[in-house]
>>> print(open('data_25.txt').read())   # compact mmCIF, C-alpha atoms
# COMPACT_ATOMS: atom_id res chain seq x y z
CA MET A 75 -0.65 -32.48 3.97
CA ARG A 76 3.04 -31.68 3.56
CA MET A 77 4.14 -35.32 4.00
CA PRO A 78 2.21 -36.73 0.98
CA ILE A 79 3.61 -33.99 -1.27
CA MET A 80 7.16 -34.81 -0.16
CA ALA A 81 6.53 -38.53 -0.75
CA VAL A 82 5.22 -37.89 -4.28
CA LEU A 83 8.18 -35.62 -5.03
CA PHE A 84 10.62 -38.27 -3.76
CA VAL A 85 9.03 -40.99 -5.93
CA PHE A 86 9.10 -38.68 -8.97
CA ILE A 87 12.81 -37.88 -8.53
CA CYS A 88 13.67 -41.56 -8.11
CA SER A 89 11.69 -42.53 -11.21
CA ILE A 90 13.60 -40.05 -13.38
CA ASN A 91 16.86 -41.80 -12.46
CA VAL A 92 15.35 -45.19 -13.26
CA LEU A 93 13.96 -44.01 -16.60
CA LEU A 94 17.25 -42.44 -17.71
CA ALA A 95 19.72 -44.98 -16.39
CA GLN A 96 22.36 -46.61 -18.53
CA ARG A 97 20.85 -49.18 -20.87
CA ALA A 98 22.71 -52.12 -22.35
CA THR A 99 21.75 -54.93 -24.67
CA THR A 100 23.43 -57.55 -26.81
CA TYR A 101 22.02 -59.26 -29.85
CA HIS A 102 23.34 -61.67 -32.44
CA GLN A 103 23.00 -62.03 -36.18
CA THR A 104 24.11 -65.13 -38.06
CA PHE A 105 25.01 -65.19 -41.74
CA PRO A 106 25.15 -68.54 -43.57
CA LEU A 107 28.05 -69.05 -45.95
CA GLN A 108 28.04 -70.89 -49.24
CA GLN A 109 30.54 -73.74 -49.60
CA THR A 110 32.48 -71.66 -52.15
CA THR A 111 32.92 -68.66 -49.83
CA SER A 112 36.61 -68.10 -49.23
CA SER A 113 36.84 -64.46 -48.13
CA ALA A 114 34.87 -61.79 -46.31
CA ILE A 115 34.96 -58.01 -46.58
CA ILE A 116 33.89 -56.30 -43.36
CA ASP A 117 32.83 -52.68 -43.86
CA ILE A 118 31.27 -51.72 -40.53
CA SER A 119 31.16 -48.10 -39.35
CA TYR A 120 31.14 -48.90 -35.61
CA PRO A 121 34.23 -50.21 -33.76
CA PHE A 122 34.59 -53.96 -34.18
CA VAL A 123 36.69 -56.95 -33.20
CA ILE A 124 37.31 -59.94 -35.46
CA GLU A 125 37.63 -63.40 -33.95
CA GLN A 126 38.12 -66.64 -35.82
CA TRP A 127 36.09 -69.64 -34.79
CA VAL A 128 35.37 -73.16 -36.01
CA GLY A 129 31.73 -72.46 -36.92
CA ASP A 130 30.28 -72.71 -40.44
CA ASN A 131 28.62 -69.27 -40.37
CA ILE A 132 29.67 -65.70 -39.71
CA MET A 133 28.17 -64.46 -36.47
CA VAL A 134 27.99 -60.81 -35.42
CA GLU A 135 27.48 -59.96 -31.76
CA THR A 136 26.36 -56.35 -31.29
CA ASN A 137 26.88 -54.83 -27.83
CA ILE A 138 25.04 -51.56 -27.29
CA LYS A 139 25.32 -49.29 -24.24
CA MET A 140 23.47 -45.99 -23.97
CA LYS A 141 23.20 -43.35 -21.28
CA ASN A 142 20.44 -40.78 -20.77
CA ILE A 143 17.86 -42.76 -22.71
CA SER A 144 14.69 -44.63 -21.87
CA ARG A 145 14.27 -48.33 -22.66
CA GLN A 146 11.50 -47.48 -25.16
CA THR A 147 13.72 -45.08 -27.10
CA MET A 148 16.58 -47.57 -27.20
CA ASP A 149 14.23 -50.31 -28.41
CA PHE A 150 12.91 -47.94 -31.10
CA PHE A 151 16.39 -47.46 -32.60
CA ILE A 152 17.05 -51.21 -32.51
CA ARG A 153 13.71 -51.92 -34.26
CA GLN A 154 14.54 -49.29 -36.90
CA GLY A 155 17.66 -51.29 -37.80
CA ARG A 156 20.25 -48.74 -36.64
CA TYR A 157 22.60 -51.58 -35.61
CA ASP A 158 21.72 -54.18 -38.26
CA VAL A 159 24.48 -55.71 -40.35
CA LEU A 160 23.60 -56.75 -43.90
CA GLN A 161 25.22 -59.51 -45.97
CA THR A 162 25.87 -59.44 -49.70
CA ASP A 163 27.34 -62.42 -51.58
CA TYR A 164 29.67 -61.94 -54.57
CA ASN A 165 30.89 -65.14 -56.20
CA GLY A 166 32.81 -66.63 -53.25
CA ILE A 167 33.15 -63.33 -51.36
CA VAL A 168 30.85 -62.16 -48.61
CA LYS A 169 30.50 -58.48 -47.71
CA LEU A 170 29.16 -57.36 -44.33
CA GLU A 171 28.11 -53.74 -43.91
CA MET A 172 25.82 -51.64 -41.76
CA ARG A 173 22.28 -50.93 -42.91
CA PRO A 174 22.47 -47.67 -44.88
CA MET A 175 20.73 -44.94 -42.89
CA PRO A 176 21.57 -41.58 -41.32
CA ARG A 177 23.38 -42.03 -38.01
CA LYS A 178 22.98 -38.68 -36.32
CA THR A 179 23.63 -38.23 -32.62
CA ILE A 180 20.63 -39.36 -30.61
CA THR A 181 19.14 -36.44 -28.69
CA THR A 182 16.25 -36.68 -26.25
CA ARG A 183 14.53 -33.96 -24.27
CA TYR A 184 17.13 -34.62 -21.57
CA GLY A 185 20.06 -33.89 -23.91
CA ALA A 186 22.46 -35.90 -26.05
CA CYS A 187 22.58 -39.64 -25.50
CA GLU A 188 25.95 -41.32 -25.05
CA GLU A 189 26.06 -44.28 -27.42
CA ASP A 190 28.73 -46.97 -27.09
CA VAL A 191 28.56 -49.71 -29.72
CA LEU A 192 31.02 -52.58 -30.17
CA LEU A 193 30.60 -55.42 -32.64
CA LYS A 194 32.35 -58.79 -32.42
CA VAL A 195 32.54 -60.56 -35.76
CA TYR A 196 33.15 -64.31 -35.55
CA VAL A 197 34.51 -65.63 -38.85
CA PRO A 198 35.20 -69.29 -39.74
CA THR A 199 38.89 -70.18 -39.77
CA HIS A 200 38.86 -71.05 -43.49
CA VAL A 201 37.68 -67.53 -44.49
CA THR A 202 40.16 -64.75 -45.27
CA VAL A 203 39.11 -61.35 -43.89
CA SER A 204 39.53 -57.87 -45.37
CA THR A 205 38.39 -54.81 -43.42
CA ALA A 206 37.80 -52.39 -46.33
CA GLY A 207 40.19 -49.89 -44.76
CA ARG A 208 38.30 -49.78 -41.46
CA LYS A 209 40.23 -49.78 -38.20
CA VAL A 210 39.86 -53.07 -36.34
CA LEU A 211 40.16 -52.95 -32.55
CA ALA A 212 41.52 -56.48 -32.32
CA LEU A 213 42.06 -59.53 -34.48
CA LYS A 214 42.07 -62.79 -32.54
>>> encode(input="data_25.txt", output="C-alpha cells")
Amino acid sequence: MRMPIMAVLFVFICSINVLLAQRATTYHQTFPLQQTTSSAIIDISYPFVIEQWVGDNIMVETNIKMKNISRQTMDFFIRQGRYDVLQTDYNGIVKLEMRPMPRKTITTRYGACEEDVLLKVYVPTHVTVSTAGRKVLALK
C-alpha cells in the first residue's frame, strides 16, 4: 500500500517541475513598406536590437523567455497581444510601437514570473532609423 502512494507522490512532484519549467518562444511579424518610405521610428518598450538587411520589409523577431509559468499561461499572454508590435504609416515615415495595454508583472499562484523579452528589428538598408529616445541594445 505504501509503494503506490510513494509512486503517485513522485509523479506529482516531477510534474510540477515540468509544468513550471522555463518556457521560450520566438515569433516574427513582417511589416510591408511603401515605396516612398524613407525612415522608421521605433518606439518599443522592451529591449531591442536593430539590424539592417537587404529585405524590402521591416521584420520584427520577438524572443520571449519566461520562468515559473505554464505553457497555457504563456500562450494566453501571446494571444492577448502583449508582445505585438503595431505599424503606423505617416507620409514616408513608418512608426513601430508596442500594442497599448497595461504591462504589469505576471503573477501566478506560484509567485512572480520572470519575463525576459528581446526584440530584433530588421530594417532595410535604405531606411533611416530613429529610436524615439529609447535605449537600443545594439545597432548592426
>>> closest_residue(input="data_25.txt", among="A:Asn131, A:Thr104, A:Gln146, A:Gln96", to="A:Pro198", atoms="only C-alpha atoms")
A:Asn131
>>> closest_residue(input="data_25.txt", among="A:Thr99, A:Asn142, A:Ser119, A:Ser112", to="A:Glu188", atoms="all atoms listed in the file")
A:Asn142
>>> atom_distance(input="data_25.txt", atom1="atom CA of A:Arg208", atom2="atom CA of A:Asp117")
6.6 Å
>>> residues_around(input="data_25.txt", residues="A:Leu160", least_positions_apart="5", cutoff="9 Å", atoms="only C-alpha atoms", output="list in words")
Phe105, Lys169, Leu170, Glu171, Met172 and Arg173 of chain A
>>> atom_distance(input="data_25.txt", atom1="atom CA of A:Gly207", atom2="atom CA of A:Asn165")
21.2 Å
>>> residues_near_point(input="data_25.txt", point="(25.9, -55.3, -22.4)", cutoff="7 Å", atoms="only C-alpha atoms", output="list in words")
Ala98, Thr99, Thr100, Asn137, Ile138 and Lys139 of chain A
>>> atom_distance(input="data_25.txt", atom1="atom CA of A:Trp127", atom2="atom CA of A:Thr162")
20.8 Å
>>> residues_near_point(input="data_25.txt", point="(33.4, -54.7, -36.4)", cutoff="12 Å", atoms="only C-alpha atoms", output="PyMOL selection string")
chain A and resi 115-125+133-137+157-159+170-172+191-197+203-213
>>> closest_residue(input="data_25.txt", among="A:Gln161, A:Gln126, A:Thr182, A:Thr111", to="A:Ile143", atoms="all atoms listed in the file")
A:Thr182
>>> decode(input="data_25.txt", residues="stretch 92-201 of chain A", atoms="C-alpha atoms", output="mmCIF file, in the first residue's frame")
data_model
loop_
_atom_site.group_PDB
_atom_site.id
_atom_site.type_symbol
_atom_site.label_atom_id
_atom_site.label_comp_id
_atom_site.auth_asym_id
_atom_site.auth_seq_id
_atom_site.Cartn_x
_atom_site.Cartn_y
_atom_site.Cartn_z
ATOM 1 C CA VAL A 92 7.610 20.089 -15.900
ATOM 2 C CA LEU A 93 4.613 22.427 -15.673
ATOM 3 C CA LEU A 94 6.641 25.329 -14.280
ATOM 4 C CA ALA A 95 9.834 24.972 -16.288
ATOM 5 C CA GLN A 96 11.351 27.799 -18.283
ATOM 6 C CA ARG A 97 9.356 28.489 -21.425
ATOM 7 C CA ALA A 98 10.731 30.102 -24.556
ATOM 8 C CA THR A 99 9.265 31.008 -27.904
ATOM 9 C CA THR A 100 10.124 33.145 -30.900
ATOM 10 C CA TYR A 101 7.735 34.653 -33.382
ATOM 11 C CA HIS A 102 8.026 37.028 -36.310
ATOM 12 C CA GLN A 103 5.994 39.922 -37.621
ATOM 13 C CA THR A 104 6.568 41.456 -41.039
ATOM 14 C CA PHE A 105 5.580 44.991 -41.990
ATOM 15 C CA PRO A 106 5.387 45.942 -45.675
ATOM 16 C CA LEU A 107 6.822 49.317 -46.636
ATOM 17 C CA GLN A 108 5.546 51.707 -49.251
ATOM 18 C CA GLN A 109 7.998 52.720 -51.979
ATOM 19 C CA THR A 110 8.092 56.254 -50.528
ATOM 20 C CA THR A 111 9.080 55.114 -47.021
ATOM 21 C CA SER A 112 12.457 56.592 -46.148
ATOM 22 C CA SER A 113 12.570 56.494 -42.349
ATOM 23 C CA ALA A 114 11.302 54.494 -39.396
ATOM 24 C CA ILE A 115 10.616 55.497 -35.807
ATOM 25 C CA ILE A 116 10.960 52.591 -33.391
ATOM 26 C CA ASP A 117 9.205 53.180 -30.068
ATOM 27 C CA ILE A 118 9.300 49.778 -28.366
ATOM 28 C CA SER A 119 9.160 49.442 -24.578
ATOM 29 C CA TYR A 120 11.081 46.133 -24.409
ATOM 30 C CA PRO A 121 14.845 45.889 -25.058
ATOM 31 C CA PHE A 122 15.578 45.694 -28.774
ATOM 32 C CA VAL A 123 18.361 45.350 -31.318
ATOM 33 C CA ILE A 124 18.312 46.976 -34.749
ATOM 34 C CA GLU A 125 19.894 45.195 -37.693
ATOM 35 C CA GLN A 126 19.955 46.380 -41.274
ATOM 36 C CA TRP A 127 19.208 43.902 -44.011
ATOM 37 C CA VAL A 128 18.587 43.876 -47.756
ATOM 38 C CA GLY A 129 14.899 42.928 -47.473
ATOM 39 C CA ASP A 130 12.007 45.099 -48.673
ATOM 40 C CA ASN A 131 10.034 44.868 -45.413
ATOM 41 C CA ILE A 132 10.660 45.550 -41.750
ATOM 42 C CA MET A 133 10.717 42.307 -39.799
ATOM 43 C CA VAL A 134 10.454 42.053 -36.017
ATOM 44 C CA GLU A 135 11.636 38.888 -34.291
ATOM 45 C CA THR A 136 10.289 38.625 -30.735
ATOM 46 C CA ASN A 137 12.146 36.281 -28.370
ATOM 47 C CA ILE A 138 10.274 35.538 -25.153
ATOM 48 C CA LYS A 139 11.599 33.561 -22.180
ATOM 49 C CA MET A 140 9.589 33.045 -19.002
ATOM 50 C CA LYS A 141 10.208 31.167 -15.783
ATOM 51 C CA ASN A 142 7.641 29.842 -13.299
ATOM 52 C CA ILE A 143 4.827 29.774 -15.828
ATOM 53 C CA SER A 144 2.808 27.097 -17.569
ATOM 54 C CA ARG A 145 2.687 26.825 -21.362
ATOM 55 C CA GLN A 146 -1.040 27.680 -21.308
ATOM 56 C CA THR A 147 -0.464 30.908 -19.369
ATOM 57 C CA MET A 148 2.366 31.959 -21.671
ATOM 58 C CA ASP A 149 0.221 31.246 -24.732
ATOM 59 C CA PHE A 150 -2.600 33.296 -23.189
ATOM 60 C CA PHE A 151 -0.410 36.413 -22.945
ATOM 61 C CA ILE A 152 0.831 35.938 -26.509
ATOM 62 C CA ARG A 153 -2.765 35.578 -27.800
ATOM 63 C CA GLN A 154 -3.766 38.724 -25.884
ATOM 64 C CA GLY A 155 -1.175 40.675 -27.895
ATOM 65 C CA ARG A 156 1.185 41.512 -25.024
ATOM 66 C CA TYR A 157 4.177 41.284 -27.396
ATOM 67 C CA ASP A 158 2.580 42.556 -30.622
ATOM 68 C CA VAL A 159 4.207 45.406 -32.497
ATOM 69 C CA LEU A 160 1.917 47.739 -34.445
ATOM 70 C CA GLN A 161 2.778 49.755 -37.557
ATOM 71 C CA THR A 162 1.536 53.233 -38.406
ATOM 72 C CA ASP A 163 2.392 54.975 -41.690
ATOM 73 C CA TYR A 164 2.879 58.759 -41.878
ATOM 74 C CA ASN A 165 3.688 60.116 -45.327
ATOM 75 C CA GLY A 166 7.003 58.321 -45.930
ATOM 76 C CA ILE A 167 7.658 57.558 -42.247
ATOM 77 C CA VAL A 168 6.802 54.307 -40.527
ATOM 78 C CA LYS A 169 6.312 54.096 -36.756
ATOM 79 C CA LEU A 170 6.596 50.802 -34.880
ATOM 80 C CA GLU A 171 5.296 50.618 -31.329
ATOM 81 C CA MET A 172 4.003 48.071 -28.860
ATOM 82 C CA ARG A 173 0.285 47.374 -28.627
ATOM 83 C CA PRO A 174 -1.045 49.764 -25.971
ATOM 84 C CA MET A 175 -2.040 47.747 -22.909
ATOM 85 C CA PRO A 176 -1.130 47.505 -19.223
ATOM 86 C CA ARG A 177 2.100 45.558 -18.733
ATOM 87 C CA LYS A 178 2.003 44.587 -15.095
ATOM 88 C CA THR A 179 4.270 41.903 -13.684
ATOM 89 C CA ILE A 180 2.837 38.471 -14.407
ATOM 90 C CA THR A 181 1.986 36.677 -11.178
ATOM 91 C CA THR A 182 0.716 33.115 -10.927
ATOM 92 C CA ARG A 183 -0.268 31.111 -7.874
ATOM 93 C CA TYR A 184 3.380 30.037 -7.705
ATOM 94 C CA GLY A 185 4.649 33.631 -7.460
ATOM 95 C CA ALA A 186 6.023 36.251 -9.826
ATOM 96 C CA CYS A 187 7.017 35.118 -13.294
ATOM 97 C CA GLU A 188 10.417 36.123 -14.650
ATOM 98 C CA GLU A 189 9.870 37.590 -18.104
ATOM 99 C CA ASP A 190 12.776 38.132 -20.496
ATOM 100 C CA VAL A 191 11.824 39.718 -23.821
ATOM 101 C CA LEU A 192 14.203 40.788 -26.592
ATOM 102 C CA LEU A 193 13.136 42.090 -29.978
ATOM 103 C CA LYS A 194 15.312 42.138 -33.095
ATOM 104 C CA VAL A 195 14.164 44.686 -35.649
ATOM 105 C CA TYR A 196 15.416 44.088 -39.191
ATOM 106 C CA VAL A 197 15.228 47.295 -41.233
ATOM 107 C CA PRO A 198 16.005 47.671 -44.968
ATOM 108 C CA THR A 199 19.320 49.395 -45.664
ATOM 109 C CA HIS A 200 17.649 52.338 -47.441
ATOM 110 C CA VAL A 201 15.556 53.268 -44.352
#
